[in-house]
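For reference, my_file-v4.tsv is printed below; it contains TSV, C-alpha atoms.
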chain	number	residue	atom	x	y	z
A	1	MET	CA	117.15	19.63	1.01
A	2	VAL	CA	115.87	21.89	-1.71
A	3	GLY	CA	113.58	19.08	-3.07
A	4	THR	CA	112.29	18.16	0.34
A	5	THR	CA	111.57	21.76	1.22
A	6	ALA	CA	109.66	22.24	-2.04
A	7	LEU	CA	107.44	19.16	-1.46
A	8	THR	CA	106.66	20.31	2.04
A	9	ALA	CA	105.62	23.76	0.86
A	10	ALA	CA	103.37	22.28	-1.84
A	11	GLY	CA	101.57	20.08	0.71
A	12	ILE	CA	100.91	22.99	2.99
A	13	LEU	CA	99.47	24.98	0.06
A	14	VAL	CA	97.03	22.14	-0.89
A	15	CYS	CA	95.74	21.89	2.66
A	16	LEU	CA	95.07	25.63	2.83
A	17	VAL	CA	93.08	25.60	-0.47
A	18	THR	CA	90.95	22.62	0.64
A	19	ALA	CA	90.06	24.23	3.93
A	20	MET	CA	88.82	27.37	2.17
A	21	LEU	CA	86.25	25.51	-0.17
A	22	PRO	CA	82.43	25.36	0.99
A	23	GLY	CA	81.14	21.92	2.21
A	24	PRO	CA	78.22	19.88	0.63
A	25	GLY	CA	75.87	20.39	3.60
A	26	PRO	CA	73.98	17.82	5.74
A	27	LYS	CA	72.28	14.96	3.79
A	28	ALA	CA	69.21	15.23	6.02
A	29	GLU	CA	68.43	18.73	4.74
A	30	ALA	CA	68.74	17.64	1.12
A	31	GLY	CA	66.26	14.85	1.77
A	32	ALA	CA	63.81	17.23	3.40
A	33	ASP	CA	63.89	19.58	0.39
A	34	VAL	CA	62.68	16.71	-1.90
A	35	ALA	CA	60.24	15.07	0.50
A	36	ALA	CA	58.21	18.16	1.48
A	37	PRO	CA	56.18	18.48	-1.77
A	38	ALA	CA	55.41	14.76	-1.72
A	39	ALA	CA	53.98	15.03	1.80
A	40	THR	CA	51.68	17.85	0.69
A	41	GLN	CA	50.34	15.80	-2.28
A	42	ALA	CA	49.64	12.91	0.04
A	43	GLY	CA	46.89	14.91	1.79
A	44	THR	CA	48.42	17.45	4.16
A	45	MET	CA	45.43	19.71	5.00
A	46	PRO	CA	45.77	23.48	5.21
A	47	SER	CA	45.52	24.97	8.67
A	48	THR	CA	42.55	27.18	7.68
A	49	PRO	CA	39.27	25.28	6.78
A	50	THR	CA	37.59	26.16	3.51
A	51	SER	CA	33.90	25.98	2.48
A	52	PRO	CA	32.87	23.06	0.23
A	53	SER	CA	32.16	23.95	-3.36
A	54	THR	CA	28.53	23.75	-4.56
A	55	SER	CA	29.30	23.91	-8.26
A	56	THR	CA	31.44	20.85	-8.78
A	57	SER	CA	28.67	18.22	-9.14
A	58	PRO	CA	24.87	17.97	-8.60
A	59	ALA	CA	23.52	16.45	-5.41
A	60	PRO	CA	22.40	12.79	-5.63
A	61	PRO	CA	18.63	12.01	-5.82
A	62	THR	CA	16.89	12.03	-2.48
A	63	ASP	CA	14.29	9.62	-1.10
A	64	SER	CA	11.61	12.29	-1.45
A	65	SER	CA	12.01	12.40	-5.24
A	66	HIS	CA	11.63	8.61	-5.38
A	67	ALA	CA	8.51	8.78	-3.23
A	68	ALA	CA	7.01	11.37	-5.55
A	69	ALA	CA	7.57	9.10	-8.54
A	70	THR	CA	5.97	6.19	-6.69
A	71	ALA	CA	2.99	8.31	-5.73
A	72	THR	CA	2.51	9.35	-9.36
A	73	ALA	CA	2.55	5.71	-10.45
A	74	ALA	CA	0.00	4.85	-7.76
A	75	VAL	CA	-2.37	7.57	-8.93
A	76	GLY	CA	-2.10	6.27	-12.49
A	77	THR	CA	-3.00	2.81	-11.24
A	78	THR	CA	-6.08	3.99	-9.35
A	79	THR	CA	-7.41	6.06	-12.28
A	80	ALA	CA	-6.94	3.41	-14.98
A	81	ALA	CA	-10.57	2.34	-14.44
A	82	PRO	CA	-13.41	4.89	-14.61
A	83	PRO	CA	-13.31	6.53	-11.13
A	84	PRO	CA	-16.31	8.12	-9.37
A	85	SER	CA	-14.65	11.50	-9.72
A	86	ALA	CA	-11.67	13.05	-11.42
A	87	LYS	CA	-9.92	13.41	-8.06
A	88	ALA	CA	-7.97	10.34	-6.90
A	89	THR	CA	-9.16	8.99	-3.55
A	90	PRO	CA	-7.40	6.72	-1.03
A	91	GLN	CA	-7.96	3.04	-1.66
A	92	ALA	CA	-9.72	2.55	1.68
A	93	ALA	CA	-12.29	5.23	0.82
A	94	SER	CA	-12.76	4.26	-2.82
A	95	SER	CA	-16.02	2.70	-4.03
A	96	THR	CA	-14.23	0.91	-6.85
A	97	ALA	CA	-14.81	-2.85	-6.66
A	98	PRO	CA	-11.53	-4.78	-6.41
A	99	SER	CA	-12.43	-7.33	-9.12
A	100	ALA	CA	-14.61	-5.24	-11.40
A	101	GLY	CA	-13.74	-4.78	-15.05
A	102	ARG	CA	-14.79	-1.85	-17.20
A	103	ILE	CA	-18.21	-1.60	-15.55
A	104	GLN	CA	-17.65	-0.11	-12.10
A	105	PRO	CA	-20.19	0.18	-9.27
A	106	GLY	CA	-21.23	3.69	-8.37
A	107	THR	CA	-20.46	5.03	-11.85
A	108	THR	CA	-22.96	6.45	-14.33
A	109	TYR	CA	-22.28	5.81	-18.01
A	110	LYS	CA	-23.58	7.72	-21.02
A	111	GLY	CA	-24.52	6.15	-24.32
A	112	VAL	CA	-27.40	5.39	-26.61
A	113	ALA	CA	-30.11	2.75	-26.57
A	114	THR	CA	-31.21	0.82	-29.62
A	115	ALA	CA	-33.56	-2.15	-29.92
A	116	TYR	CA	-33.44	-5.72	-31.23
A	117	ALA	CA	-35.84	-8.65	-31.47
A	118	ALA	CA	-34.84	-10.78	-28.47
A	119	GLY	CA	-36.82	-13.87	-29.50
A	120	ASP	CA	-36.82	-16.42	-26.65
A	121	GLY	CA	-34.38	-14.34	-24.60
A	122	ASN	CA	-31.27	-16.44	-25.20
A	123	GLY	CA	-28.05	-14.73	-26.25
A	124	ALA	CA	-24.27	-14.80	-26.27
A	125	CYS	CA	-24.16	-15.39	-22.50
A	126	LEU	CA	-25.91	-18.74	-23.11
A	127	PHE	CA	-28.23	-18.46	-20.13
A	128	GLY	CA	-30.94	-20.11	-22.22
A	129	PRO	CA	-34.54	-19.19	-23.07
A	130	SER	CA	-36.45	-17.02	-20.60
A	131	ASP	CA	-39.91	-15.59	-20.20
A	132	ASP	CA	-38.40	-12.40	-18.76
A	133	LEU	CA	-37.51	-10.22	-21.71
A	134	MET	CA	-36.39	-7.19	-19.75
A	135	ILE	CA	-32.92	-7.85	-21.09
A	136	ALA	CA	-30.20	-6.14	-23.09
A	137	ALA	CA	-27.12	-6.79	-25.19
A	138	MET	CA	-23.97	-5.01	-24.02
A	139	ASN	CA	-21.62	-3.42	-26.55
A	140	THR	CA	-18.50	-5.53	-27.25
A	141	THR	CA	-16.14	-3.15	-25.44
A	142	ASP	CA	-18.09	-3.16	-22.16
A	143	TYR	CA	-19.12	-6.82	-22.62
A	144	GLU	CA	-15.43	-7.51	-22.03
A	145	SER	CA	-15.30	-11.17	-23.06
A	146	SER	CA	-18.48	-12.03	-21.08
A	147	ARG	CA	-17.55	-10.24	-17.81
A	148	ALA	CA	-20.79	-8.26	-18.15
A	149	CYS	CA	-22.95	-11.38	-18.43
A	150	GLY	CA	-25.69	-11.47	-15.82
A	151	ALA	CA	-25.16	-7.90	-14.66
A	152	TYR	CA	-28.25	-5.88	-13.77
A	153	VAL	CA	-28.24	-2.26	-14.96
A	154	ARG	CA	-30.61	0.65	-14.40
A	155	VAL	CA	-31.26	2.52	-17.67
A	156	ARG	CA	-32.61	6.09	-17.74
A	157	ALA	CA	-33.90	8.07	-20.69
A	158	ALA	CA	-33.84	11.87	-21.06
A	159	SER	CA	-37.61	11.85	-20.43
A	160	GLY	CA	-37.02	10.55	-16.91
A	161	ALA	CA	-38.33	7.06	-17.58
A	162	SER	CA	-36.19	4.23	-16.22
A	163	ILE	CA	-36.04	0.44	-16.37
A	164	THR	CA	-33.89	-2.39	-15.00
A	165	VAL	CA	-32.53	-4.93	-17.45
A	166	ARG	CA	-30.22	-7.93	-17.22
A	167	ILE	CA	-27.31	-8.36	-19.64
A	168	THR	CA	-27.76	-11.62	-21.54
A	169	ASN	CA	-26.25	-10.82	-24.93
A	170	GLU	CA	-23.44	-9.03	-26.77
A	171	CYS	CA	-23.90	-6.22	-29.25
A	172	PRO	CA	-21.02	-6.39	-31.75
A	173	LEU	CA	-19.51	-3.48	-33.64
A	174	PRO	CA	-20.60	-0.92	-34.69
A	175	CYS	CA	-22.14	-0.79	-31.20
A	176	ALA	CA	-20.06	1.84	-29.42
A	177	PRO	CA	-18.82	1.89	-25.82
A	178	GLY	CA	-21.71	2.87	-23.55
A	179	GLN	CA	-24.34	1.59	-25.99
A	180	LEU	CA	-27.07	-0.85	-24.91
A	181	ASP	CA	-29.12	-2.81	-27.42
A	182	LEU	CA	-32.37	-3.32	-25.52
A	183	SER	CA	-35.00	-5.91	-26.25
A	184	GLU	CA	-37.92	-4.35	-28.08
A	185	GLN	CA	-40.03	-4.87	-24.95
A	186	ALA	CA	-37.55	-2.99	-22.79
A	187	PHE	CA	-37.04	-0.15	-25.28
A	188	ALA	CA	-40.82	0.40	-25.48
A	189	LYS	CA	-40.89	1.25	-21.75
A	190	LEU	CA	-38.45	4.11	-22.31
A	191	ALA	CA	-39.60	5.65	-25.59
A	192	ASP	CA	-41.68	5.17	-28.71
A	193	PRO	CA	-40.17	2.21	-30.62
A	194	LYS	CA	-40.41	4.30	-33.81
A	195	LEU	CA	-37.56	6.47	-32.54
A	196	GLY	CA	-35.19	3.51	-32.79
A	197	ARG	CA	-32.32	5.28	-31.02
A	198	ILE	CA	-32.31	7.49	-27.91
A	199	PRO	CA	-29.66	8.95	-25.54
A	200	ILE	CA	-29.46	7.21	-22.15
A	201	THR	CA	-27.48	6.92	-18.96
A	202	TRP	CA	-27.04	3.65	-17.10
A	203	SER	CA	-25.39	2.25	-13.98
A	204	LEU	CA	-24.75	-1.11	-12.33
A	205	LEU	CA	-27.25	-2.50	-9.81
A	206	SER	CA	-27.11	-5.10	-7.05
A	207	PRO	CA	-30.83	-5.89	-6.83
A	208	GLN	CA	-32.85	-7.58	-4.12
A	209	THR	CA	-33.58	-11.23	-4.86
A	210	SER	CA	-34.87	-14.26	-3.02
A	211	GLY	CA	-33.26	-16.73	-5.41
A	212	THR	CA	-29.95	-18.51	-5.10
A	213	ILE	CA	-27.11	-19.16	-7.53
A	214	SER	CA	-27.13	-22.20	-9.81
A	215	VAL	CA	-24.24	-23.82	-11.66
A	216	ARG	CA	-24.37	-25.72	-14.92
A	217	TYR	CA	-21.81	-27.88	-16.74
A	218	LYS	CA	-21.56	-27.38	-20.48
A	219	THR	CA	-22.75	-30.05	-22.88
A	220	GLY	CA	-19.86	-32.47	-23.50
A	221	SER	CA	-18.31	-32.01	-20.06
A	222	SER	CA	-16.56	-35.05	-18.59
A	223	PRO	CA	-13.84	-35.91	-16.04
A	224	HIS	CA	-11.35	-35.06	-18.80
A	225	TRP	CA	-12.74	-31.66	-19.86
A	226	CYS	CA	-15.48	-29.42	-18.57
A	227	GLY	CA	-17.00	-25.99	-18.90
A	228	ILE	CA	-18.77	-24.45	-15.88
A	229	GLN	CA	-21.36	-21.69	-15.99
A	230	VAL	CA	-22.74	-19.60	-13.12
A	231	ILE	CA	-26.35	-18.45	-13.47
A	232	ASP	CA	-28.89	-16.45	-11.44
A	233	HIS	CA	-26.20	-14.43	-9.63
A	234	ARG	CA	-27.06	-11.08	-8.06
A	235	ASN	CA	-23.70	-9.43	-8.86
A	236	PRO	CA	-21.40	-9.90	-11.86
A	237	VAL	CA	-19.06	-12.87	-11.47
A	238	ALA	CA	-15.34	-12.03	-11.48
A	239	GLY	CA	-13.83	-15.51	-11.22
A	240	LEU	CA	-14.34	-19.22	-10.58
A	241	GLU	CA	-11.96	-21.71	-8.99
A	242	VAL	CA	-12.15	-25.49	-8.64
A	243	ARG	CA	-10.60	-27.57	-5.90
A	244	THR	CA	-7.89	-29.96	-7.12
A	245	THR	CA	-5.40	-32.26	-5.41
A	246	LYS	CA	-2.97	-29.32	-5.49
A	247	GLY	CA	-5.37	-26.77	-4.06
A	248	TRP	CA	-7.66	-24.16	-5.60
A	249	ARG	CA	-7.19	-23.55	-9.30
A	250	ARG	CA	-8.58	-20.48	-11.10
A	251	LEU	CA	-10.19	-21.31	-14.45
A	252	PRO	CA	-10.02	-19.09	-17.55
A	253	ARG	CA	-13.25	-17.57	-18.83
A	254	THR	CA	-14.51	-17.75	-22.40
A	255	ASP	CA	-16.39	-15.10	-24.35
A	256	TYR	CA	-19.42	-17.43	-24.29
A	257	ASN	CA	-19.57	-17.18	-20.47
A	258	HIS	CA	-18.08	-20.49	-19.31
A	259	PHE	CA	-15.06	-21.27	-17.14
A	260	LEU	CA	-12.98	-24.06	-18.68
A	261	SER	CA	-10.90	-26.85	-17.20
A	262	ALA	CA	-9.08	-28.12	-20.29
A	263	ASP	CA	-7.57	-31.17	-18.55
A	264	GLY	CA	-10.57	-32.04	-16.40
A	265	SER	CA	-8.96	-31.20	-13.05
A	266	GLY	CA	-11.61	-30.14	-10.53
A	267	CYS	CA	-14.53	-31.15	-12.75
A	268	GLY	CA	-17.37	-32.46	-10.60
A	269	GLY	CA	-15.81	-31.22	-7.36
A	270	ALA	CA	-16.08	-28.20	-5.10
A	271	MET	CA	-15.90	-24.74	-6.64
A	272	ARG	CA	-15.38	-21.23	-5.35
A	273	ILE	CA	-17.16	-18.30	-7.03
A	274	THR	CA	-16.09	-14.67	-6.57
A	275	ASP	CA	-18.10	-11.56	-7.47
A	276	ILE	CA	-16.75	-8.16	-8.48
A	277	TYR	CA	-16.91	-6.97	-4.85
A	278	GLY	CA	-14.50	-9.69	-3.76
A	279	GLU	CA	-17.05	-11.91	-1.97
A	280	GLN	CA	-16.31	-15.64	-2.31
A	281	LEU	CA	-18.92	-18.39	-2.16
A	282	THR	CA	-17.90	-22.04	-1.85
A	283	VAL	CA	-20.13	-24.67	-3.42
A	284	ASP	CA	-19.69	-28.33	-2.52
A	285	GLY	CA	-21.26	-31.49	-3.88
A	286	THR	CA	-21.97	-30.55	-7.49
A	287	ALA	CA	-22.44	-33.51	-9.80
A	288	LEU	CA	-20.84	-33.66	-13.23
A	289	LEU	CA	-24.16	-33.51	-15.10
A	290	PRO	CA	-23.91	-31.72	-18.47
A	291	ASN	CA	-26.58	-29.14	-19.30
A	292	VAL	CA	-28.35	-29.40	-15.95
A	293	ALA	CA	-28.87	-26.31	-13.77
A	294	GLN	CA	-27.98	-27.30	-10.20
A	295	PRO	CA	-29.33	-24.90	-7.56
A	296	THR	CA	-27.08	-24.02	-4.63
A	297	ARG	CA	-27.90	-22.59	-1.22
A	298	VAL	CA	-25.84	-19.43	-1.60
A	299	GLN	CA	-26.19	-15.96	-3.09
A	300	PHE	CA	-23.96	-12.86	-3.18
A	301	ALA	CA	-24.74	-10.05	-0.74
A	302	PRO	CA	-26.48	-6.90	-2.01
A	303	HIS	CA	-24.52	-3.67	-2.47

If you took the structure in this file and wrote it as structure tokens, what would it be?
Amino acid sequence: MVGTTALTAAGILVCLVTAMLPGPGPKAEAGADVAAPAATQAGTMPSTPTSPSTSTSPAPPTDSSHAAATATAAVGTTTAAPPPSAKATPQAASSTAPSAGRIQPGTTYKGVATAYAAGDGNGACLFGPSDDLMIAAMNTTDYESSRACGAYVRVRAASGASITVRITNECPLPCAPGQLDLSEQAFAKLADPKLGRIPITWSLLSPQTSGTISVRYKTGSSPHWCGIQVIDHRNPVAGLEVRTTKGWRRLPRTDYNHFLSADGSGCGGAMRITDIYGEQLTVDGTALLPNVAQPTRVQFAPH
């Protein structure tokens, strides 16, 4: 009895102690305490909106800045050649010829005039002898690998005297840009030949003429190779094309004023001639006859 009573009392005491201890709490609340910070990091936005920061990073480039850069590049392109004025003008209003080289229409150039004995009038352009000795040799820079050949220029001296000459020759260095080496006959109409050297201004002309263009194949031309020359043209020639089985083919130009077909394609066929103003003239029915000037029925328009 004593042992049984003691065991019963001990069990009652254990139950009383256990009932008095605090419990662990609901598991759901413990999970919420851990999950709340994670939910905030995942993008929970504050209830009050804030203003965006303007100091974190620069704004990306806009289309207007790109347009400004393009406009600057365009101005550089239009002023690469000597323009009529220092101010860039819209292409539609510009007097610049689309196919002109260094020598631009509507532009006055300054330089000096010297004189040389022109002989029979032939020169680097290989136009051949001529009775008309109102001619000139263009400095190498403005000669531009024969682009100036056949150009007519009006030359003015400080005295007011003026003449028109045709470019038939090249004046090598030390002839400077802007310099014209006139035939002695032409120089004498501007100043006393004893002066030898005078300041001048000059500009490109598109003169009146009743003649038509002629074409001439170079000596040695054949169906396998040919050189083509344009003569008696009113305006400077910018390019020449020949018709081939694959269409029009533009020929390269030499510094002795011929357009070459190295493989003979197009030799003896139709050709298309373009002046510095962009006008194109088509010539049909030319014969492959070396060193023979063949007149055509066409001429460039005056400007």

Residue contacts of segment 160-162 of chain A (12 Å, only C-alpha atoms) excluding same-chain residues fewer than 2 positions away, as a PyMOL selection string: chain A and resi 134+153-158+164-165+186-192+198-203

Preceding selection exported with C-alpha atoms as a short mmCIF file (atom, residue, chain, number, x, y, z; two decimals), in the frame of the given file:
data_model
loop_
_atom_site.label_atom_id
_atom_site.label_comp_id
_atom_site.auth_asym_id
_atom_site.auth_seq_id
_atom_site.Cartn_x
_atom_site.Cartn_y
_atom_site.Cartn_z
CA MET A 134 -36.39 -7.19 -19.75
CA VAL A 153 -28.24 -2.26 -14.96
CA ARG A 154 -30.61 0.65 -14.40
CA VAL A 155 -31.26 2.52 -17.67
CA ARG A 156 -32.61 6.09 -17.74
CA ALA A 157 -33.90 8.07 -20.69
CA ALA A 158 -33.84 11.87 -21.06
CA THR A 164 -33.89 -2.39 -15.00
CA VAL A 165 -32.53 -4.93 -17.45
CA ALA A 186 -37.55 -2.99 -22.79
CA PHE A 187 -37.04 -0.15 -25.28
CA ALA A 188 -40.82 0.40 -25.48
CA LYS A 189 -40.89 1.25 -21.75
CA LEU A 190 -38.45 4.11 -22.31
CA ALA A 191 -39.60 5.65 -25.59
CA ASP A 192 -41.68 5.17 -28.71
CA ILE A 198 -32.31 7.49 -27.91
CA PRO A 199 -29.66 8.95 -25.54
CA ILE A 200 -29.46 7.21 -22.15
CA THR A 201 -27.48 6.92 -18.96
CA TRP A 202 -27.04 3.65 -17.10
CA SER A 203 -25.39 2.25 -13.98
#

Have a look at A:Ser146, A:Thr274, A:Thr212, A:Thr254 and name the one nearest to Arg297 of chain A; count only C-alpha atoms.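 The answer is A:Thr212, which sits nearest to Arg297 of chain A.
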
Interatomic distance between atom CA of Leu195 of chain A and atom CA of Pro177 of chain A? 20.4 Å

Of the listed residues A:Gly278, A:Gly220, A:Gly123, A:Gly128, that which approaches Ala100 of chain A most closely, counting only C-alpha atoms: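 Answer, going by the shortest atom-to-atom distance: A:Gly278.
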
Mind giving me the straight-line distance from atom CA of Glu170 of chain A to atom CA of Cys125 of chain A in Å, one decimal?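 Answer for the atom CA of Glu170 of chain A to atom CA of Cys125 of chain A separation: 7.7 Å.
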
Separation of atom CA of Asn291 of chain A from atom CA of Tyr152 of chain A, in Å and rounded to one decimal: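 Going from atom CA of Asn291 of chain A over to atom CA of Tyr152 of chain A, I get 24.0 Å.
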
Env of Ala136 of chain A: 6 Å cut, atoms = all atoms listed in the file, seq-sep filter 6 positions within chain, self excluded. Answer as a PyMOL selection string. chain A and resi 167+181-183

Selection near Gly119 of chain A, 10 Å with only C-alpha atoms, sequence-local residues under 2 positions removed, as a PDB file with C-alpha atoms, in the frame of the given file:
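Result file follows (part23.pdb):
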ATOM      1  CA  TYR A 116     -33.440  -5.720 -31.230  1.00  0.00           C
ATOM      2  CA  ALA A 117     -35.840  -8.650 -31.470  1.00  0.00           C
ATOM      3  CA  GLY A 121     -34.380 -14.340 -24.600  1.00  0.00           C
ATOM      4  CA  ASN A 122     -31.270 -16.440 -25.200  1.00  0.00           C
ATOM      5  CA  GLY A 123     -28.050 -14.730 -26.250  1.00  0.00           C
ATOM      6  CA  PRO A 129     -34.540 -19.190 -23.070  1.00  0.00           C
ATOM      7  CA  SER A 130     -36.450 -17.020 -20.600  1.00  0.00           C
ATOM      8  CA  ASP A 131     -39.910 -15.590 -20.200  1.00  0.00           C
ATOM      9  CA  LEU A 133     -37.510 -10.220 -21.710  1.00  0.00           C
ATOM     10  CA  SER A 183     -35.000  -5.910 -26.250  1.00  0.00           C
ATOM     11  CA  GLU A 184     -37.920  -4.350 -28.080  1.00  0.00           C
TER      12      GLU A 184
END

Write out as a ChimeraX atom specification which residues come within 8 Å of Gly239 of chain A when counting all atoms listed in the file, dropping same-chain ones fewer than 4 positions away. /A:250-251,253,273-275

Would you pick out the contacts of Ser206 of chain A at 8 Å or less, using only C-alpha atoms, so that residues sharing its chain but fewer than 3 positions from it are not included, and give the list as a compact mmCIF listing (two decimals) with C-alpha atoms, in the coordinates of the input?
# COMPACT_ATOMS: atom_id res chain seq x y z
CA TYR A 152 -28.25 -5.88 -13.77
CA ARG A 234 -27.06 -11.08 -8.06
CA ASN A 235 -23.70 -9.43 -8.86
CA PRO A 302 -26.48 -6.90 -2.01
CA HIS A 303 -24.52 -3.67 -2.47

Export segment 155-167 of chain A, N, CA, C and O atoms, as a PDB file, in the first residue's frame; it's the structure right above.
ATOM      1  N   VAL A 155      39.882  83.078-119.121  1.00  0.00           N
ATOM      2  CA  VAL A 155      41.022  83.552-118.339  1.00  0.00           C
ATOM      3  C   VAL A 155      40.997  85.077-118.310  1.00  0.00           C
ATOM      4  O   VAL A 155      40.868  85.720-119.365  1.00  0.00           O
ATOM      5  N   ARG A 156      41.143  85.657-117.122  1.00  0.00           N
ATOM      6  CA  ARG A 156      41.136  87.112-116.975  1.00  0.00           C
ATOM      7  C   ARG A 156      42.410  87.568-116.280  1.00  0.00           C
ATOM      8  O   ARG A 156      42.839  86.966-115.293  1.00  0.00           O
ATOM      9  N   ALA A 157      42.963  88.649-116.806  1.00  0.00           N
ATOM     10  CA  ALA A 157      44.156  89.260-116.211  1.00  0.00           C
ATOM     11  C   ALA A 157      43.728  90.433-115.337  1.00  0.00           C
ATOM     12  O   ALA A 157      42.592  90.916-115.419  1.00  0.00           O
ATOM     13  N   ALA A 158      44.652  90.910-114.498  1.00  0.00           N
ATOM     14  CA  ALA A 158      44.351  92.040-113.607  1.00  0.00           C
ATOM     15  C   ALA A 158      44.036  93.299-114.408  1.00  0.00           C
ATOM     16  O   ALA A 158      43.315  94.187-113.933  1.00  0.00           O
ATOM     17  N   SER A 159      44.530  93.390-115.642  1.00  0.00           N
ATOM     18  CA  SER A 159      44.280  94.550-116.489  1.00  0.00           C
ATOM     19  C   SER A 159      42.849  94.599-117.002  1.00  0.00           C
ATOM     20  O   SER A 159      42.403  95.628-117.519  1.00  0.00           O
ATOM     21  N   GLY A 160      42.129  93.496-116.891  1.00  0.00           N
ATOM     22  CA  GLY A 160      40.772  93.418-117.406  1.00  0.00           C
ATOM     23  C   GLY A 160      40.678  92.653-118.709  1.00  0.00           C
ATOM     24  O   GLY A 160      39.568  92.303-119.142  1.00  0.00           O
ATOM     25  N   ALA A 161      41.792  92.384-119.342  1.00  0.00           N
ATOM     26  CA  ALA A 161      41.782  91.618-120.582  1.00  0.00           C
ATOM     27  C   ALA A 161      41.381  90.172-120.297  1.00  0.00           C
ATOM     28  O   ALA A 161      41.708  89.621-119.237  1.00  0.00           O
ATOM     29  N   SER A 162      40.678  89.549-121.242  1.00  0.00           N
ATOM     30  CA  SER A 162      40.244  88.172-121.049  1.00  0.00           C
ATOM     31  C   SER A 162      40.313  87.403-122.368  1.00  0.00           C
ATOM     32  O   SER A 162      40.183  87.988-123.451  1.00  0.00           O
ATOM     33  N   ILE A 163      40.493  86.102-122.262  1.00  0.00           N
ATOM     34  CA  ILE A 163      40.539  85.220-123.421  1.00  0.00           C
ATOM     35  C   ILE A 163      39.854  83.899-123.060  1.00  0.00           C
ATOM     36  O   ILE A 163      39.658  83.596-121.879  1.00  0.00           O
ATOM     37  N   THR A 164      39.495  83.125-124.082  1.00  0.00           N
ATOM     38  CA  THR A 164      38.986  81.770-123.889  1.00  0.00           C
ATOM     39  C   THR A 164      39.974  80.795-124.505  1.00  0.00           C
ATOM     40  O   THR A 164      40.377  80.964-125.666  1.00  0.00           O
ATOM     41  N   VAL A 165      40.382  79.804-123.726  1.00  0.00           N
ATOM     42  CA  VAL A 165      41.318  78.806-124.220  1.00  0.00           C
ATOM     43  C   VAL A 165      40.758  77.402-123.973  1.00  0.00           C
ATOM     44  O   VAL A 165      39.899  77.212-123.099  1.00  0.00           O
ATOM     45  N   ARG A 166      41.262  76.440-124.727  1.00  0.00           N
ATOM     46  CA  ARG A 166      40.880  75.050-124.523  1.00  0.00           C
ATOM     47  C   ARG A 166      42.062  74.295-123.930  1.00  0.00           C
ATOM     48  O   ARG A 166      43.214  74.506-124.335  1.00  0.00           O
ATOM     49  N   ILE A 167      41.802  73.422-122.974  1.00  0.00           N
ATOM     50  CA  ILE A 167      42.863  72.657-122.320  1.00  0.00           C
ATOM     51  C   ILE A 167      43.228  71.466-123.215  1.00  0.00           C
ATOM     52  O   ILE A 167      42.394  70.590-123.470  1.00  0.00           O
TER      53      ILE A 167
END
